[in-house]
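Below: structure38.pdb (PDB, C-alpha atoms)
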MODEL        1
ATOM      1  CA  MET A  49      13.129 -31.266 -24.959
ATOM      2  CA  ARG A  50      11.498 -30.385 -21.617
ATOM      3  CA  VAL A  51      13.903 -28.540 -19.342
ATOM      4  CA  SER A  52      14.256 -30.215 -15.959
ATOM      5  CA  MET A  53      15.695 -29.190 -12.614
ATOM      6  CA  ALA A  54      18.715 -31.321 -13.425
ATOM      7  CA  HIS A  55      19.401 -29.215 -16.523
ATOM      8  CA  VAL A  56      19.136 -26.017 -14.479
ATOM      9  CA  ALA A  57      21.376 -27.448 -11.748
ATOM     10  CA  GLU A  58      24.024 -28.397 -14.292
ATOM     11  CA  ARG A  59      23.944 -24.961 -15.930
ATOM     12  CA  ALA A  60      24.128 -23.139 -12.565
ATOM     13  CA  GLY A  61      26.696 -25.489 -11.021
ATOM     14  CA  VAL A  62      24.523 -26.333  -8.012
ATOM     15  CA  SER A  63      22.570 -29.303  -6.726
ATOM     16  CA  ALA A  64      19.032 -30.127  -7.852
ATOM     17  CA  GLN A  65      17.959 -29.536  -4.230
ATOM     18  CA  THR A  66      19.215 -25.955  -4.426
ATOM     19  CA  VAL A  67      17.275 -25.446  -7.655
ATOM     20  CA  SER A  68      14.177 -26.798  -5.905
ATOM     21  CA  ARG A  69      14.625 -24.364  -3.042
ATOM     22  CA  VAL A  70      14.927 -21.438  -5.443
ATOM     23  CA  ALA A  71      11.905 -22.631  -7.449
ATOM     24  CA  ASN A  72       9.837 -22.858  -4.291
ATOM     25  CA  GLY A  73      10.900 -19.430  -3.020
ATOM     26  CA  SER A  74      12.806 -20.672   0.019
ATOM     27  CA  PRO A  75      14.766 -17.943   1.840
ATOM     28  CA  ARG A  76      17.474 -20.489   2.725
ATOM     29  CA  VAL A  77      19.518 -19.782  -0.405
ATOM     30  CA  ASP A  78      22.505 -17.455  -0.666
ATOM     31  CA  PRO A  79      21.523 -14.386  -2.768
ATOM     32  CA  ALA A  80      24.388 -14.889  -5.222
ATOM     33  CA  THR A  81      23.447 -18.544  -5.668
ATOM     34  CA  ARG A  82      19.794 -17.636  -6.113
ATOM     35  CA  ALA A  83      20.710 -15.126  -8.793
ATOM     36  CA  ARG A  84      22.821 -17.732 -10.602
ATOM     37  CA  VAL A  85      20.018 -20.303 -10.508
ATOM     38  CA  GLU A  86      17.407 -17.784 -11.646
ATOM     39  CA  LYS A  87      19.641 -16.791 -14.566
ATOM     40  CA  ALA A  88      20.038 -20.450 -15.518
ATOM     41  CA  MET A  89      16.247 -20.867 -15.357
ATOM     42  CA  ALA A  90      15.775 -17.842 -17.602
ATOM     43  CA  ASP A  91      18.475 -18.937 -20.058
ATOM     44  CA  LEU A  92      16.989 -22.430 -20.379
ATOM     45  CA  GLY A  93      13.361 -21.353 -20.326
ATOM     46  CA  TYR A  94      12.614 -23.434 -17.223
ATOM     47  CA  ARG A  95       9.162 -23.097 -15.708
ATOM     48  CA  MET A  96       8.012 -24.854 -12.555
ATOM     49  CA  HIS A  97       4.796 -26.803 -13.093
ATOM     50  CA  ARG A  98       2.426 -25.349 -10.519
ATOM     51  CA  ALA A  99       0.294 -28.488 -10.110
ATOM     52  CA  ALA A 100       3.348 -30.674  -9.619
ATOM     53  CA  ARG A 101       4.688 -28.275  -7.012
ATOM     54  CA  ALA A 102       1.360 -28.369  -5.155
ATOM     55  CA  LEU A 103       1.381 -32.178  -5.071
ATOM     56  CA  ARG A 104       4.949 -32.274  -3.776
ATOM     57  CA  THR A 105       4.820 -29.434  -1.241
ATOM     58  CA  GLY A 106       1.148 -29.176  -0.302
ATOM     59  CA  GLN A 107       1.181 -25.542  -1.426
ATOM     60  CA  THR A 108      -0.457 -24.057  -4.525
ATOM     61  CA  SER A 109       1.904 -21.081  -4.941
ATOM     62  CA  THR A 110      -1.211 -18.915  -5.130
ATOM     63  CA  ILE A 111      -1.901 -16.006  -2.797
ATOM     64  CA  GLY A 112      -5.052 -13.987  -2.325
ATOM     65  CA  LEU A 113      -5.754 -10.281  -2.143
ATOM     66  CA  VAL A 114      -8.692  -9.026  -0.067
ATOM     67  CA  VAL A 115      -9.878  -5.491  -0.749
ATOM     68  CA  SER A 116     -12.995  -3.471   0.015
ATOM     69  CA  THR A 117     -13.008  -1.704  -3.353
ATOM     70  CA  LEU A 118     -10.801  -1.344  -6.404
ATOM     71  CA  ALA A 119     -12.318   2.042  -7.273
ATOM     72  CA  SER A 120      -9.855   4.058  -5.180
ATOM     73  CA  VAL A 121      -6.507   5.033  -6.663
ATOM     74  CA  GLY A 122      -4.552   3.692  -3.681
ATOM     75  CA  ASN A 123      -6.174   0.257  -3.808
ATOM     76  CA  SER A 124      -5.751  -0.092  -7.563
ATOM     77  CA  ARG A 125      -2.084   0.918  -7.252
ATOM     78  CA  MET A 126      -1.628  -1.670  -4.484
ATOM     79  CA  LEU A 127      -3.278  -4.342  -6.638
ATOM     80  CA  GLN A 128      -0.752  -3.626  -9.383
ATOM     81  CA  ALA A 129       2.154  -3.683  -6.919
ATOM     82  CA  VAL A 130       1.092  -6.937  -5.236
ATOM     83  CA  SER A 131       0.423  -8.577  -8.610
ATOM     84  CA  GLU A 132       3.881  -7.699  -9.919
ATOM     85  CA  ALA A 133       5.603  -8.776  -6.689
ATOM     86  CA  ALA A 134       3.741 -12.105  -6.683
ATOM     87  CA  ALA A 135       4.616 -12.767 -10.315
ATOM     88  CA  ALA A 136       8.275 -12.039  -9.581
ATOM     89  CA  ARG A 137       8.206 -14.849  -7.010
ATOM     90  CA  ASP A 138       6.254 -17.114  -9.400
ATOM     91  CA  TYR A 139       3.046 -16.920  -7.355
ATOM     92  CA  ALA A 140      -0.399 -16.627  -8.911
ATOM     93  CA  LEU A 141      -2.834 -14.068  -7.483
ATOM     94  CA  ALA A 142      -6.546 -14.409  -6.682
ATOM     95  CA  VAL A 143      -8.461 -11.199  -5.921
ATOM     96  CA  VAL A 144     -11.678 -10.977  -3.882
ATOM     97  CA  THR A 145     -13.643  -7.934  -2.786
ATOM     98  CA  VAL A 146     -15.474  -7.777   0.517
ATOM     99  CA  GLY A 147     -19.153  -7.918  -0.423
ATOM    100  CA  GLU A 148     -22.338  -7.823   1.602
ATOM    101  CA  ARG A 149     -21.514 -11.155   3.279
ATOM    102  CA  GLY A 150     -18.381  -9.655   4.812
ATOM    103  CA  ILE A 151     -14.789 -10.700   5.200
ATOM    104  CA  ARG A 152     -15.525 -14.210   6.493
ATOM    105  CA  GLU A 153     -17.071 -14.998   3.127
ATOM    106  CA  ALA A 154     -14.092 -13.399   1.360
ATOM    107  CA  PHE A 155     -11.701 -15.641   3.303
ATOM    108  CA  ALA A 156     -13.897 -18.662   2.524
ATOM    109  CA  ARG A 157     -13.807 -17.863  -1.199
ATOM    110  CA  LEU A 158     -10.027 -17.715  -1.094
ATOM    111  CA  ARG A 159      -9.784 -21.030   0.764
ATOM    112  CA  SER A 160     -12.022 -22.633  -1.864
ATOM    113  CA  GLN A 161      -9.433 -21.548  -4.424
ATOM    114  CA  GLY A 162      -6.671 -23.243  -2.417
ATOM    115  CA  VAL A 163      -4.571 -20.154  -1.729
ATOM    116  CA  ASP A 164      -1.600 -20.423   0.616
ATOM    117  CA  GLY A 165      -2.163 -17.012   2.201
ATOM    118  CA  ALA A 166      -3.722 -13.586   1.712
ATOM    119  CA  VAL A 167      -2.820  -9.907   1.713
ATOM    120  CA  VAL A 168      -5.571  -7.705   3.175
ATOM    121  CA  LEU A 169      -5.597  -4.085   2.023
ATOM    122  CA  ASN A 170      -6.373  -0.805   3.728
ATOM    123  CA  GLU A 171     -10.062  -0.432   4.675
ATOM    124  CA  ALA A 172     -10.546  -4.220   4.653
ATOM    125  CA  THR A 173      -8.001  -4.547   7.473
ATOM    126  CA  GLU A 174     -10.492  -3.118   9.976
ATOM    127  CA  LEU A 175     -12.857  -5.969   9.081
ATOM    128  CA  ALA A 176     -10.049  -8.537   9.299
ATOM    129  CA  ARG A 177      -9.246  -7.503  12.867
ATOM    130  CA  ASP A 178     -12.793  -8.381  13.941
ATOM    131  CA  VAL A 179     -12.710 -12.016  12.779
ATOM    132  CA  GLU A 180     -10.422 -14.988  13.137
ATOM    133  CA  PRO A 181      -9.087 -16.061   9.729
ATOM    134  CA  PRO A 182      -9.118 -19.786   8.884
ATOM    135  CA  ALA A 183      -6.345 -21.528  10.821
ATOM    136  CA  ASP A 184      -4.597 -22.653   7.639
ATOM    137  CA  LEU A 185      -4.733 -19.234   5.945
ATOM    138  CA  HIS A 186      -1.663 -17.049   6.506
ATOM    139  CA  VAL A 187      -2.501 -13.342   6.464
ATOM    140  CA  VAL A 188      -0.508 -10.127   6.019
ATOM    141  CA  VAL A 189      -2.327  -6.815   6.411
ATOM    142  CA  VAL A 190      -1.460  -3.480   4.816
ATOM    143  CA  ASP A 191      -2.095  -0.574   7.211
ATOM    144  CA  SER A 192      -3.286  -1.720  10.614
ATOM    145  CA  PRO A 193      -2.771  -1.130  14.318
ATOM    146  CA  PRO A 194      -0.559  -3.780  15.978
ATOM    147  CA  ASP A 195      -2.040  -7.280  15.880
ATOM    148  CA  GLN A 196       0.029 -10.294  16.933
ATOM    149  CA  ARG A 197      -1.902 -12.560  14.570
ATOM    150  CA  PHE A 198      -0.596 -10.891  11.413
ATOM    151  CA  SER A 199       2.487  -9.429   9.837
ATOM    152  CA  ILE A 200       1.855  -5.776   9.024
ATOM    153  CA  VAL A 201       3.352  -3.458   6.428
ATOM    154  CA  GLN A 202       2.306   0.160   6.554
ATOM    155  CA  THR A 203       3.140   3.618   5.313
ATOM    156  CA  ASP A 204       4.366   6.104   7.911
ATOM    157  CA  HIS A 205       1.087   8.017   7.638
ATOM    158  CA  ALA A 206       1.539   9.980  10.848
ATOM    159  CA  GLY A 207       5.148  10.886  10.061
ATOM    160  CA  GLY A 208       4.207  12.013   6.568
ATOM    161  CA  ALA A 209       1.311  14.096   7.857
ATOM    162  CA  ARG A 210       3.575  15.661  10.467
ATOM    163  CA  ALA A 211       6.107  16.607   7.757
ATOM    164  CA  ALA A 212       3.372  18.072   5.546
ATOM    165  CA  THR A 213       2.054  20.205   8.408
ATOM    166  CA  GLU A 214       5.509  21.345   9.488
ATOM    167  CA  HIS A 215       6.270  22.329   5.880
ATOM    168  CA  LEU A 216       3.183  24.550   5.724
ATOM    169  CA  LEU A 217       3.897  26.110   9.121
ATOM    170  CA  ALA A 218       7.480  26.831   8.029
ATOM    171  CA  LEU A 219       6.087  28.857   5.119
ATOM    172  CA  GLY A 220       4.673  31.279   7.698
ATOM    173  CA  HIS A 221       1.044  30.171   7.935
ATOM    174  CA  ALA A 222      -0.551  30.789  11.325
ATOM    175  CA  THR A 223      -2.221  27.372  11.280
ATOM    176  CA  VAL A 224      -2.940  24.456   8.961
ATOM    177  CA  HIS A 225      -6.441  23.174   8.250
ATOM    178  CA  HIS A 226      -7.091  19.511   7.495
ATOM    179  CA  LEU A 227      -9.359  17.872   4.940
ATOM    180  CA  ALA A 228      -9.457  14.416   6.530
ATOM    181  CA  GLY A 229     -10.273  10.960   5.195
ATOM    182  CA  PRO A 230     -13.282   8.872   6.230
ATOM    183  CA  ALA A 231     -13.917   7.780   9.803
ATOM    184  CA  GLY A 232     -12.913   4.152  10.378
ATOM    185  CA  SER A 233      -9.908   4.312   8.048
ATOM    186  CA  PHE A 234      -6.589   3.527   9.751
ATOM    187  CA  ALA A 235      -4.669   5.636   7.219
ATOM    188  CA  ALA A 236      -7.018   8.595   7.682
ATOM    189  CA  ALA A 237      -6.771   8.378  11.468
ATOM    190  CA  GLU A 238      -2.981   8.202  11.398
ATOM    191  CA  ARG A 239      -2.710  11.165   9.030
ATOM    192  CA  GLU A 240      -5.008  13.183  11.253
ATOM    193  CA  ARG A 241      -2.908  12.198  14.266
ATOM    194  CA  GLY A 242       0.312  13.390  12.619
ATOM    195  CA  TRP A 243      -1.329  16.710  11.681
ATOM    196  CA  ARG A 244      -2.573  17.247  15.234
ATOM    197  CA  GLU A 245       0.797  16.376  16.767
ATOM    198  CA  ALA A 246       2.679  18.786  14.508
ATOM    199  CA  LEU A 247       0.314  21.639  15.418
ATOM    200  CA  ALA A 248       0.528  20.802  19.126
ATOM    201  CA  ASP A 249       4.320  20.768  19.020
ATOM    202  CA  ALA A 250       4.217  24.201  17.380
ATOM    203  CA  GLY A 251       1.869  25.526  20.067
ATOM    204  CA  VAL A 252      -0.955  25.977  17.558
ATOM    205  CA  SER A 253      -4.569  24.963  18.203
ATOM    206  CA  ALA A 254      -5.944  22.508  15.654
ATOM    207  CA  PRO A 255      -8.885  23.835  13.626
ATOM    208  CA  GLU A 256     -11.873  21.493  13.345
ATOM    209  CA  PRO A 257     -11.102  19.129  10.436
ATOM    210  CA  VAL A 258     -13.566  18.605   7.603
ATOM    211  CA  ARG A 259     -14.013  15.047   6.350
ATOM    212  CA  GLY A 260     -14.284  13.517   2.902
ATOM    213  CA  ASP A 261     -14.465   9.984   1.530
ATOM    214  CA  TRP A 262     -11.204   9.875  -0.505
ATOM    215  CA  THR A 263     -12.932  10.962  -3.755
ATOM    216  CA  SER A 264     -12.227  14.192  -5.633
ATOM    217  CA  ALA A 265     -15.960  14.995  -5.499
ATOM    218  CA  SER A 266     -15.892  14.939  -1.702
ATOM    219  CA  GLY A 267     -12.777  17.123  -1.726
ATOM    220  CA  HIS A 268     -14.619  19.688  -3.836
ATOM    221  CA  ALA A 269     -17.736  19.543  -1.664
ATOM    222  CA  THR A 270     -15.937  19.864   1.674
ATOM    223  CA  ALA A 271     -13.437  22.534   0.624
ATOM    224  CA  VAL A 272     -16.247  25.108   0.704
ATOM    225  CA  HIS A 273     -15.937  24.904   4.500
ATOM    226  CA  LEU A 274     -12.308  26.052   4.290
ATOM    227  CA  SER A 275     -12.925  29.551   2.945
ATOM    228  CA  GLU A 276     -10.819  31.136   5.709
ATOM    229  CA  ALA A 277      -7.897  28.707   5.408
ATOM    230  CA  THR A 278      -4.533  29.860   4.090
ATOM    231  CA  ALA A 279      -2.947  26.382   4.315
ATOM    232  CA  VAL A 280      -4.623  22.978   3.947
ATOM    233  CA  PHE A 281      -3.227  19.494   4.417
ATOM    234  CA  VAL A 282      -5.470  17.088   2.474
ATOM    235  CA  ALA A 283      -5.480  13.400   3.435
ATOM    236  CA  ASN A 284      -5.111  12.164  -0.151
ATOM    237  CA  ASP A 285      -4.386  13.507  -3.625
ATOM    238  CA  GLN A 286      -7.827  12.751  -5.078
ATOM    239  CA  MET A 287      -9.533  14.950  -2.480
ATOM    240  CA  ALA A 288      -6.810  17.550  -3.022
ATOM    241  CA  LEU A 289      -7.736  17.642  -6.716
ATOM    242  CA  GLY A 290     -11.332  18.477  -5.803
ATOM    243  CA  ALA A 291     -10.181  21.055  -3.267
ATOM    244  CA  LEU A 292      -7.973  22.780  -5.848
ATOM    245  CA  ARG A 293     -10.966  23.110  -8.142
ATOM    246  CA  ALA A 294     -13.173  24.453  -5.332
ATOM    247  CA  PHE A 295     -10.591  27.082  -4.408
ATOM    248  CA  ALA A 296     -10.210  28.079  -8.067
ATOM    249  CA  ASP A 297     -14.005  28.351  -8.427
ATOM    250  CA  ALA A 298     -13.992  30.688  -5.422
ATOM    251  CA  GLY A 299     -11.331  32.879  -7.043
ATOM    252  CA  ARG A 300      -8.604  31.876  -4.586
ATOM    253  CA  ARG A 301      -5.094  31.667  -6.019
ATOM    254  CA  ILE A 302      -2.839  28.728  -5.159
ATOM    255  CA  PRO A 303      -0.445  28.974  -3.393
ATOM    256  CA  ASP A 304      -0.723  32.775  -2.984
ATOM    257  CA  ASP A 305      -4.088  32.719  -1.167
ATOM    258  CA  VAL A 306      -4.102  29.124   0.031
ATOM    259  CA  ALA A 307      -1.324  26.532   0.020
ATOM    260  CA  VAL A 308      -2.289  22.872  -0.452
ATOM    261  CA  VAL A 309      -0.448  19.628   0.344
ATOM    262  CA  GLY A 310      -1.840  16.172  -0.455
ATOM    263  CA  PHE A 311      -0.842  12.606   0.331
ATOM    264  CA  ASP A 312      -0.013   9.644  -1.988
ATOM    265  CA  ASP A 313       1.800  11.234  -4.963
ATOM    266  CA  ILE A 314      -0.512   9.570  -7.471
ATOM    267  CA  VAL A 315       0.667   9.353 -11.070
ATOM    268  CA  ASP A 316      -1.097  12.570 -12.135
ATOM    269  CA  ALA A 317      -0.194  14.689  -9.097
ATOM    270  CA  ALA A 318       2.496  16.547 -11.039
ATOM    271  CA  GLU A 319      -0.095  17.376 -13.747
ATOM    272  CA  PHE A 320      -2.593  19.109 -11.445
ATOM    273  CA  ARG A 321      -3.012  22.878 -11.847
ATOM    274  CA  PRO A 322      -0.852  23.856 -10.113
ATOM    275  CA  PRO A 323       1.288  20.718  -9.645
ATOM    276  CA  LEU A 324       0.539  19.252  -6.237
ATOM    277  CA  THR A 325       2.928  19.187  -3.296
ATOM    278  CA  THR A 326       2.324  15.820  -1.640
ATOM    279  CA  MET A 327       3.675  13.051   0.541
ATOM    280  CA  ARG A 328       4.837  10.093  -1.571
ATOM    281  CA  GLN A 329       3.361   6.718  -0.651
ATOM    282  CA  ASP A 330       5.586   4.034  -2.207
ATOM    283  CA  PHE A 331       3.021   1.511  -3.415
ATOM    284  CA  ASP A 332       5.650  -0.614  -5.149
ATOM    285  CA  VAL A 333       7.587  -1.099  -1.917
ATOM    286  CA  LEU A 334       4.398  -1.736   0.071
ATOM    287  CA  GLY A 335       3.259  -4.393  -2.395
ATOM    288  CA  ALA A 336       6.647  -6.062  -2.600
ATOM    289  CA  ARG A 337       7.076  -6.198   1.167
ATOM    290  CA  ALA A 338       3.528  -7.471   1.697
ATOM    291  CA  VAL A 339       4.222 -10.371  -0.658
ATOM    292  CA  GLU A 340       7.630 -11.101   0.879
ATOM    293  CA  LEU A 341       6.198 -11.091   4.405
ATOM    294  CA  LEU A 342       3.353 -13.364   3.323
ATOM    295  CA  ILE A 343       5.705 -15.875   1.715
ATOM    296  CA  ALA A 344       7.836 -15.772   4.877
ATOM    297  CA  ALA A 345       4.722 -16.504   6.968
ATOM    298  CA  ILE A 346       3.774 -19.385   4.676
ATOM    299  CA  GLU A 347       7.235 -20.824   5.261
ATOM    300  CA  GLY A 348       6.898 -20.538   9.042
ATOM    301  CA  GLY A 349       8.278 -17.074   9.749
ATOM    302  CA  ALA A 350       7.204 -14.985  12.735
ATOM    303  CA  ALA A 351       4.867 -12.004  12.479
ATOM    304  CA  VAL A 352       6.635  -8.657  12.024
ATOM    305  CA  VAL A 353       5.717  -5.004  11.517
ATOM    306  CA  GLU A 354       7.399  -2.883   8.833
ATOM    307  CA  THR A 355       6.920   0.838   8.188
ATOM    308  CA  VAL A 356       7.674   2.534   4.856
ATOM    309  CA  PRO A 357       8.595   6.269   4.897
ATOM    310  CA  ALA A 358       6.467   8.875   3.092
ATOM    311  CA  PRO A 359       8.786  11.684   1.918
ATOM    312  CA  LEU A 360       7.682  15.223   1.016
ATOM    313  CA  ILE A 361       7.529  15.991  -2.726
ATOM    314  CA  LEU A 362       7.639  19.759  -3.207
ATOM    315  CA  ARG A 363       5.634  21.290  -6.060
ATOM    316  CA  ALA A 364       3.930  24.578  -6.871
ATOM    317  CA  SER A 365       0.725  24.121  -4.838
ATOM    318  CA  SER A 366       2.542  25.077  -1.645
ATOM    319  CA  VAL A 367       5.687  26.907  -2.718
ATOM    320  CA  PRO A 368       5.325  30.323  -4.409
ATOM    321  CA  ARG A 369       6.793  30.445  -7.906
TER     322      ARG A 369
ENDMDL
END

Do you think you could lay out the structure here as structure tokens?
Amino acid sequence: MRVSMAHVAERAGVSAQTVSRVANGSPRVDPATRARVEKAMADLGYRMHRAARALRTGQTSTIGLVVSTLASVGNSRMLQAVSEAAAARDYALAVVTVGERGIREAFARLRSQGVDGAVVLNEATELARDVEPPADLHVVVVDSPPDQRFSIVQTDHAGGARAATEHLLALGHATVHHLAGPAGSFAAAERERGWREALADAGVSAPEPVRGDWTSASGHATAVHLSEATAVFVANDQMALGALRAFADAGRRIPDDVAVVGFDDIVDAAEFRPPLTTMRQDFDVLGARAVELLIAAIEGGAAVVETVPAPLILRASSVPR
């Protein structure tokens, strides 16, 4: 027998209208009631028919994800987080990369798939700011300067970078060098800003930063320009991995000769040699909040900005054993 909303309503002790609101992700349901309805759905094996929902509501319960590349660790982690958060709200996910035709074409591809809205990630957000999305496409961006057109969820890049720099200064280093991310990246610019502000507050002149492209290869290549550094804040963990290898190749001991702090706390950061001190970027929270803000926008909510902290994770690359 096919389980209907009426069966779920009877099991949960609520009206069919309340079941419909829960099924459609409406925020206008008491959390305890929502939990009771969701349990009844799970117990009975109820699944909302996506096509029927689209006919009734005019929405497909499908969201898009726009990304410049899936090769970077951060973007692939965000894809996983957004996918899981969307599935938890019973939304399908369509993924498009920004190709040679640019972000307008990416938005057009999503509209052709009938999505209700889109999450735009990291480097792609710079492109999104330069165009006007389709009027009927709700957009949430991850990591962006303020923009009244979109809801924004972002890591506290500057705050994390400040904490990383202050940690290294507190260890007694005269200054902290910076292996920065690529020009044009909001996250890289914010992390550089936090580093500069921490040094300025300490009355220390900022050394000229060296710049990589987020890859471990670029971290290895650029670290050769840091031969005089005793402390280095690296803009992401992948570049920090390359820098650690470059320092080891040069015979420099870590952290005795040079202390290193990264950013992201990728899955393997604790397995580096030595384990990497880093600032933790909570990709699960970022993905979940991006999806929640997008669903809220689809349902008529106002644009908001949310910032997720990036705490310091102490390991052996900065703290002597």

(request) Given the file shown, enumerate the residues that the PyMOL selection byres ((chain A and resi 214) around 12) captures and present them as a PyMOL selection string. (result) chain A and resi 207-213+215-224+242-252+279-281+309+360

(message) What does the structure give for the distance between atom CA of Val121 of chain A and atom CA of Ser264 of chain A, in Å to one decimal?
(response) 10.8 Å

Translate the PyMOL selection byres ((chain A and resi 230-239) around 7), as applied to the file shown, into an explicit residue set as a compact mmCIF listing (two decimals) with C-alpha atoms, in the coordinates of the input.
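Everything below was put into part-v5.txt:
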# COMPACT_ATOMS: atom_id res chain seq x y z
CA GLU A 171 -10.06 -0.43 4.68
CA ASP A 191 -2.10 -0.57 7.21
CA SER A 192 -3.29 -1.72 10.61
CA HIS A 205 1.09 8.02 7.64
CA ALA A 206 1.54 9.98 10.85
CA ALA A 209 1.31 14.10 7.86
CA ALA A 228 -9.46 14.42 6.53
CA GLY A 229 -10.27 10.96 5.20
CA GLU A 240 -5.01 13.18 11.25
CA ARG A 241 -2.91 12.20 14.27
CA GLY A 242 0.31 13.39 12.62
CA TRP A 243 -1.33 16.71 11.68
CA ARG A 259 -14.01 15.05 6.35
CA GLY A 260 -14.28 13.52 2.90
CA ASP A 261 -14.46 9.98 1.53
CA ALA A 283 -5.48 13.40 3.44

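Between atom CA of Val306 of chain A and atom CA of Val282 of chain A lies a distance of 12.4 Å.
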
(request) Name the residues in contact with segment 344-351 of chain A at a cut-off of 9 Å, using all atoms listed in the file, excluding same-chain residues fewer than 6 positions from it; report them as an NGL selection string. (result) :A and (74-75 or 164-165 or 185-188 or 196-200)

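Here the PyMOL selection byres ((chain A and resi 339) around 8) matches the residues Val130, Ala133, Ala134, Val167, Gly335, Ala336, Arg337, Ala338, Glu340, Leu341, Leu342 and Ile343 of chain A.
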
(message) One decimal, in Å: what's the spacing between atom CA of Pro257 of chain A and atom CA of Leu227 of chain A?
(response) 5.9 Å

(request) Tell me, as a PyMOL selection string, which residues lie within 12 Å of Leu118 of chain A, counting only C-alpha atoms; anything in the same chain fewer than 5 positions away does not count. (result) chain A and resi 113+123-128+143-146+169-172

(request) Just the residues within 12 Å of Arg157 of chain A, please, counting all atoms listed in the file, with nothing from its chain fewer than 3 positions along; format it as a ChimeraX atom specification. (result) /A:112-114,142-147,149-154,160-163,166,182,185
